[in-house]
$ cat start-v6.tsv   # TSV, C-alpha atoms (C1' of nucleotides)
chain	number	residue	atom	x	y	z
D	78	MET	CA	32.15	-8.63	-37.22
D	79	THR	CA	33.54	-8.12	-40.54
D	80	ARG	CA	32.06	-10.75	-42.70
D	81	ARG	CA	34.40	-13.60	-43.02
D	82	GLY	CA	33.11	-14.43	-46.42
D	83	ALA	CA	30.92	-17.38	-45.77
D	84	ALA	CA	32.04	-18.05	-42.25
D	85	PRO	CA	29.12	-19.82	-40.60
D	86	PHE	CA	30.41	-18.78	-37.22
D	87	ALA	CA	30.54	-15.20	-36.11
D	88	ALA	CA	32.79	-15.42	-33.11
D	89	ALA	CA	34.80	-18.33	-34.35
D	90	PRO	CA	38.32	-17.87	-33.05
D	91	ASN	CA	40.32	-20.20	-35.15
D	92	ARG	CA	39.13	-23.27	-36.88
D	93	PHE	CA	41.89	-25.14	-35.17
D	94	GLU	CA	40.40	-24.28	-31.83
D	95	ARG	CA	37.04	-25.62	-32.92
D	96	VAL	CA	38.60	-28.88	-33.89
D	97	TYR	CA	40.46	-29.14	-30.60
D	98	ALA	CA	37.31	-28.35	-28.68
D	99	VAL	CA	35.50	-31.23	-30.33
D	100	VAL	CA	38.35	-33.65	-29.83
D	101	ARG	CA	38.48	-32.78	-26.16
D	102	ARG	CA	34.88	-33.86	-25.85
D	103	ILE	CA	35.57	-37.37	-27.03
D	104	PRO	CA	35.11	-39.56	-23.95
D	105	ARG	CA	37.70	-42.03	-22.85
D	106	GLY	CA	37.31	-45.42	-24.42
D	107	ARG	CA	35.70	-44.00	-27.55
D	108	VAL	CA	37.01	-42.81	-30.86
D	109	ALA	CA	35.84	-40.42	-33.54
D	110	THR	CA	36.73	-40.21	-37.19
D	111	TYR	CA	38.32	-37.20	-38.82
D	112	GLY	CA	35.22	-36.58	-40.83
D	113	GLN	CA	33.08	-36.83	-37.74
D	114	VAL	CA	35.19	-34.35	-35.84
D	115	ALA	CA	35.13	-32.00	-38.77
D	116	ALA	CA	31.36	-32.16	-38.96
D	117	LEU	CA	30.98	-31.61	-35.22
D	118	ALA	CA	33.32	-28.68	-35.45
D	119	GLY	CA	31.05	-27.12	-38.01
D	120	LEU	CA	33.34	-27.94	-40.89
D	121	PRO	CA	31.62	-30.77	-42.72
D	122	GLY	CA	33.73	-32.26	-45.43
D	123	HIS	CA	36.97	-30.94	-44.03
D	124	ALA	CA	38.33	-34.15	-42.64
D	125	ARG	CA	41.71	-33.32	-44.01
D	126	PHE	CA	41.71	-30.11	-42.15
D	127	VAL	CA	41.19	-31.98	-38.89
D	128	GLY	CA	44.19	-34.10	-39.60
D	129	TYR	CA	46.26	-31.06	-40.20
D	130	ALA	CA	44.98	-29.38	-37.07
D	131	LEU	CA	45.97	-32.36	-34.96
D	132	ALA	CA	49.32	-32.52	-36.64
D	133	ALA	CA	49.86	-28.94	-35.59
D	134	LEU	CA	49.02	-29.70	-31.98
D	135	PRO	CA	51.65	-28.43	-29.59
D	136	ALA	CA	53.32	-31.06	-27.44
D	137	GLY	CA	51.77	-31.38	-24.03
D	138	SER	CA	48.32	-30.33	-25.12
D	139	ARG	CA	45.46	-32.06	-23.36
D	140	VAL	CA	43.69	-32.74	-26.59
D	141	ALA	CA	42.94	-36.43	-26.90
D	142	TRP	CA	44.33	-36.62	-30.41
D	143	GLN	CA	44.76	-40.36	-30.02
D	144	ARG	CA	41.02	-40.80	-30.07
D	145	VAL	CA	40.76	-39.58	-33.61
D	146	VAL	CA	41.09	-42.23	-36.27
D	147	ASN	CA	40.26	-42.39	-39.95
D	148	ALA	CA	37.00	-43.54	-41.47
D	149	GLN	CA	38.27	-47.08	-41.58
D	150	GLY	CA	38.75	-47.19	-37.86
D	151	ARG	CA	42.47	-47.35	-38.29
D	152	VAL	CA	45.23	-45.15	-36.98
D	153	SER	CA	46.47	-42.94	-39.75
D	154	ALA	CA	50.16	-43.11	-40.46
D	155	ARG	CA	52.08	-39.90	-40.37
D	156	ARG	CA	54.67	-38.87	-42.85
D	157	ASP	CA	57.40	-38.82	-40.26
D	158	GLY	CA	55.71	-41.62	-38.41
D	159	ALA	CA	58.41	-42.60	-35.94
D	160	GLY	CA	56.17	-45.16	-34.26
D	161	VAL	CA	53.76	-42.55	-33.01
D	162	GLU	CA	50.88	-44.48	-34.49
D	163	ALA	CA	51.87	-47.51	-32.44
D	164	LEU	CA	51.80	-45.32	-29.37
D	165	GLN	CA	48.39	-44.05	-30.31
D	166	ALA	CA	47.08	-47.58	-30.66
D	167	ALA	CA	48.58	-48.51	-27.31
D	168	MET	CA	46.95	-45.52	-25.66
D	169	LEU	CA	43.59	-46.48	-27.07
D	170	ARG	CA	43.93	-50.06	-25.96
D	171	GLY	CA	44.73	-48.74	-22.54
D	172	GLU	CA	41.41	-46.94	-22.58
D	173	GLY	CA	39.54	-50.08	-23.45
D	174	VAL	CA	39.34	-49.67	-27.19
D	175	ARG	CA	39.87	-52.97	-28.92
D	176	PHE	CA	41.38	-53.48	-32.33
D	177	GLY	CA	40.29	-56.14	-34.73
D	178	PRO	CA	42.55	-58.73	-36.31
D	179	ASP	CA	43.30	-56.36	-39.16
D	180	GLY	CA	44.29	-53.60	-36.81
D	181	ALA	CA	41.05	-51.72	-37.28
D	182	ILE	CA	38.69	-50.56	-34.56
D	183	ALA	CA	35.06	-51.64	-34.85
D	184	LEU	CA	33.60	-48.18	-35.23
D	185	ALA	CA	30.13	-49.63	-34.86
D	186	ALA	CA	31.02	-50.39	-31.27
D	187	PHE	CA	33.57	-47.75	-30.29
D	188	ARG	CA	32.63	-44.71	-32.26
D	189	TRP	CA	31.72	-41.78	-30.09
D	190	ARG	CA	28.11	-40.80	-30.51
D	191	PRO	CA	27.44	-37.33	-29.04
D	192	GLY	CA	23.96	-36.33	-28.20
D	193	ARG	CA	22.70	-39.78	-27.31
D	194	GLY	CA	22.74	-39.76	-23.58
D	195	GLY	CA	26.38	-38.94	-23.48
D	196	ARG	CA	27.73	-42.24	-24.58
K	242	DC	C1'	52.71	-13.81	-54.02
K	243	DC	C1'	53.27	-18.75	-55.70
K	244	DA	C1'	53.97	-23.65	-54.90
K	245	DC	C1'	54.13	-27.43	-52.00
K	246	DT	C1'	52.84	-30.10	-48.14
K	247	DG	C1'	50.03	-32.54	-44.72
K	248	DA	C1'	46.81	-37.41	-38.98
K	249	DC	C1'	41.35	-37.61	-44.87
K	250	DG	C1'	37.13	-38.86	-47.42
K	251	DA	C1'	34.12	-39.76	-51.03
K	252	DG	C1'	33.61	-40.56	-55.77
K	253	DT	C1'	34.97	-42.75	-60.24
K	254	DG	C1'	36.74	-46.29	-63.53
Q	226	DG	C1'	38.80	-54.49	-54.30
Q	227	DC	C1'	42.49	-51.33	-56.01
Q	228	DA	C1'	44.33	-47.04	-58.20
Q	229	DC	C1'	43.65	-42.47	-59.15
Q	230	DT	C1'	41.53	-37.60	-58.65
Q	231	DC	C1'	39.46	-33.71	-56.53
Q	232	DG	C1'	38.26	-30.74	-52.67
Q	233	DC	C1'	39.28	-28.24	-48.40
Q	234	DC	C1'	42.35	-24.98	-45.08
Q	235	DA	C1'	46.50	-23.25	-43.08
Q	236	DG	C1'	51.46	-23.06	-42.49
Q	237	DT	C1'	56.07	-22.77	-44.55
Q	238	DG	C1'	59.94	-21.70	-47.86
$ encode --input "start-v6.tsv" --output "structure tokens"
Amino acid sequence: MTRRGAAPFAAAPNRFERVYAVVRRIPRGRVATYGQVAALAGLPGHARFVGYALAALPAGSRVAWQRVVNAQGRVSARRDGAGVEALQAAMLRGEGVRFGPDGAIALAAFRWRPGRGGR
DNA sequence: CCACTGACGAGTG
DNA sequence: GCACTCGCCAGTG
């Protein structure tokens, strides 16, 4: 195709799609960090982009956006927050993800690790 | 077309 | 450990 500058992917539809595809692969009861998702999507270093992609998610999408947390294992607060972060935390707890006393998830135990036997 | 914004992360002082 | 800066991409006014 026409060279997309330095696009590492030839048939890459939209980068958003790549991000969504990765997020969909996160198994229930596990979480991934923005940076991790970005890297898996072939966009290393673009953690911010992942956040934006998720923010642009249409309502009703099956993307498990709630399983994406920041590098600290905490739910990132949105600008227009409206308690959505609380909902996200509740959803995760419902999947078996446990939060520490400081409200952070122990990534060492719950971080999704693809390519290692599945989980 | 320009400027600003937005679910982040790593580095620096 | 905290405050600040830079980088990255796409959408919107």
$ residues_near_point --input "start-v6.tsv" --point "(57.1, -19.3, -45.9)" --cutoff "12 Å" --atoms "all atoms listed in the file" --output "list in words"
DC242, DC243, DA244, DC245 and DT246 of chain K; DA235, DG236, DT237 and DG238 of chain Q
$ atom_distance --input "start-v6.tsv" --atom1 "CA of Glu94 (chain D)" --atom2 "CA of Val127 (chain D)"
10.5 Å
$ interface_residues --input "start-v6.tsv" --of "chain D" --to "chain Q" --cutoff "10 Å" --atoms "only C-alpha atoms (C1' of nucleotides)" --output "compact mmCIF listing (two decimals) with C-alpha atoms, in the coordinates of the input"
# COMPACT_ATOMS: atom_id res chain seq x y z
CA ARG D 92 39.13 -23.27 -36.88
CA PHE D 93 41.89 -25.14 -35.17
CA LEU D 120 33.34 -27.94 -40.89
CA PRO D 121 31.62 -30.77 -42.72
CA GLY D 122 33.73 -32.26 -45.43
CA HIS D 123 36.97 -30.94 -44.03
CA ALA D 124 38.33 -34.15 -42.64
CA ARG D 125 41.71 -33.32 -44.01
CA PHE D 126 41.71 -30.11 -42.15
CA VAL D 127 41.19 -31.98 -38.89
CA TYR D 129 46.26 -31.06 -40.20
CA ALA D 130 44.98 -29.38 -37.07
CA ALA D 133 49.86 -28.94 -35.59
$ closest_residue --input "start-v6.tsv" --among "D:Phe176, D:Trp142, D:Tyr97, D:Phe187" --to "chain K" --atoms "all atoms listed in the file"
D:Trp142
$ atom_distance --input "start-v6.tsv" --atom1 "CA of Gly192 (chain D)" --atom2 "CA of Gly137 (chain D)"
28.6 Å
$ atom_distance --input "start-v6.tsv" --atom1 "CA of Leu117 (chain D)" --atom2 "CA of Pro178 (chain D)"
29.5 Å
$ closest_residue --input "start-v6.tsv" --among "D:Arg101, D:Val108, D:Arg139, D:Glu162" --to "chain K" --atoms "only C-alpha atoms (C1' of nucleotides)"
D:Glu162
$ interface_residues --input "start-v6.tsv" --of "chain K" --to "chain D" --cutoff "7 Å" --atoms "all atoms listed in the file" --output "short mmCIF file (atom, residue, chain, number, x, y, z; two decimals) with C-alpha atoms (C1' of nucleotides), in the frame of the given file"
data_model
loop_
_atom_site.label_atom_id
_atom_site.label_comp_id
_atom_site.auth_asym_id
_atom_site.auth_seq_id
_atom_site.Cartn_x
_atom_site.Cartn_y
_atom_site.Cartn_z
"C1'" DG K 247 50.03 -32.54 -44.72
"C1'" DA K 248 46.81 -37.41 -38.98
"C1'" DC K 249 41.35 -37.61 -44.87
"C1'" DG K 250 37.13 -38.86 -47.42
#
$ closest_residue --input "start-v6.tsv" --among "D:Asn91, D:Ser138, D:Gln113, D:Gln165" --to "Arg151 (chain D)" --atoms "only C-alpha atoms"
D:Gln165
$ build_atoms --input "start-v6.tsv" --residues "region 141-158 of chain D" --atoms "N, CA, C and O atoms" --output "mmCIF file, in the frame of the given file"
data_model
loop_
_atom_site.group_PDB
_atom_site.id
_atom_site.type_symbol
_atom_site.label_atom_id
_atom_site.label_comp_id
_atom_site.auth_asym_id
_atom_site.auth_seq_id
_atom_site.Cartn_x
_atom_site.Cartn_y
_atom_site.Cartn_z
ATOM 1 N N ALA D 141 42.845 -34.982 -26.735
ATOM 2 C CA ALA D 141 42.940 -36.430 -26.900
ATOM 3 C C ALA D 141 43.062 -36.802 -28.377
ATOM 4 O O ALA D 141 42.202 -37.475 -28.931
ATOM 5 N N TRP D 142 44.097 -36.353 -28.983
ATOM 6 C CA TRP D 142 44.330 -36.620 -30.410
ATOM 7 C C TRP D 142 44.324 -38.111 -30.718
ATOM 8 O O TRP D 142 43.993 -38.528 -31.811
ATOM 9 N N GLN D 143 44.692 -38.912 -29.748
ATOM 10 C CA GLN D 143 44.760 -40.360 -30.020
ATOM 11 C C GLN D 143 43.390 -40.967 -30.264
ATOM 12 O O GLN D 143 43.272 -42.044 -30.792
ATOM 13 N N ARG D 144 42.362 -40.243 -29.872
ATOM 14 C CA ARG D 144 41.020 -40.800 -30.070
ATOM 15 C C ARG D 144 40.447 -40.483 -31.433
ATOM 16 O O ARG D 144 39.280 -40.763 -31.703
ATOM 17 N N VAL D 145 41.236 -39.891 -32.255
ATOM 18 C CA VAL D 145 40.760 -39.580 -33.610
ATOM 19 C C VAL D 145 41.399 -40.534 -34.605
ATOM 20 O O VAL D 145 42.619 -40.592 -34.715
ATOM 21 N N VAL D 146 40.577 -41.270 -35.299
ATOM 22 C CA VAL D 146 41.090 -42.230 -36.270
ATOM 23 C C VAL D 146 40.420 -41.967 -37.618
ATOM 24 O O VAL D 146 39.479 -41.178 -37.702
ATOM 25 N N ASN D 147 40.855 -42.644 -38.635
ATOM 26 C CA ASN D 147 40.260 -42.390 -39.950
ATOM 27 C C ASN D 147 38.956 -43.155 -40.115
ATOM 28 O O ASN D 147 38.556 -43.921 -39.237
ATOM 29 N N ALA D 148 38.327 -42.959 -41.221
ATOM 30 C CA ALA D 148 37.000 -43.540 -41.470
ATOM 31 C C ALA D 148 37.020 -45.063 -41.474
ATOM 32 O O ALA D 148 35.983 -45.695 -41.375
ATOM 33 N N GLN D 149 38.179 -45.628 -41.572
ATOM 34 C CA GLN D 149 38.270 -47.080 -41.580
ATOM 35 C C GLN D 149 38.474 -47.629 -40.183
ATOM 36 O O GLN D 149 38.617 -48.825 -39.989
ATOM 37 N N GLY D 150 38.552 -46.744 -39.226
ATOM 38 C CA GLY D 150 38.750 -47.190 -37.860
ATOM 39 C C GLY D 150 40.201 -47.556 -37.598
ATOM 40 O O GLY D 150 40.535 -48.236 -36.643
ATOM 41 N N ARG D 151 41.047 -47.050 -38.451
ATOM 42 C CA ARG D 151 42.470 -47.350 -38.290
ATOM 43 C C ARG D 151 43.250 -46.097 -37.954
ATOM 44 O O ARG D 151 42.829 -45.000 -38.266
ATOM 45 N N VAL D 152 44.389 -46.288 -37.341
ATOM 46 C CA VAL D 152 45.230 -45.150 -36.980
ATOM 47 C C VAL D 152 45.957 -44.699 -38.236
ATOM 48 O O VAL D 152 46.608 -45.504 -38.892
ATOM 49 N N SER D 153 45.829 -43.455 -38.541
ATOM 50 C CA SER D 153 46.470 -42.940 -39.750
ATOM 51 C C SER D 153 47.971 -42.804 -39.544
ATOM 52 O O SER D 153 48.427 -42.350 -38.503
ATOM 53 N N ALA D 154 48.703 -43.192 -40.545
ATOM 54 C CA ALA D 154 50.160 -43.110 -40.460
ATOM 55 C C ALA D 154 50.631 -41.719 -40.833
ATOM 56 O O ALA D 154 50.142 -41.114 -41.770
ATOM 57 N N ARG D 155 51.532 -41.220 -40.052
ATOM 58 C CA ARG D 155 52.080 -39.900 -40.370
ATOM 59 C C ARG D 155 53.184 -40.038 -41.363
ATOM 60 O O ARG D 155 53.716 -41.093 -41.590
ATOM 61 N N ARG D 156 53.581 -38.920 -41.884
ATOM 62 C CA ARG D 156 54.670 -38.870 -42.850
ATOM 63 C C ARG D 156 55.952 -39.231 -42.134
ATOM 64 O O ARG D 156 56.737 -40.044 -42.540
ATOM 65 N N ASP D 157 56.177 -38.567 -41.021
ATOM 66 C CA ASP D 157 57.400 -38.820 -40.260
ATOM 67 C C ASP D 157 57.133 -39.787 -39.119
ATOM 68 O O ASP D 157 57.774 -39.778 -38.105
ATOM 69 N N GLY D 158 56.131 -40.574 -39.321
ATOM 70 C CA GLY D 158 55.710 -41.620 -38.410
ATOM 71 C C GLY D 158 56.460 -41.981 -37.152
ATOM 72 O O GLY D 158 55.892 -42.055 -36.155
#
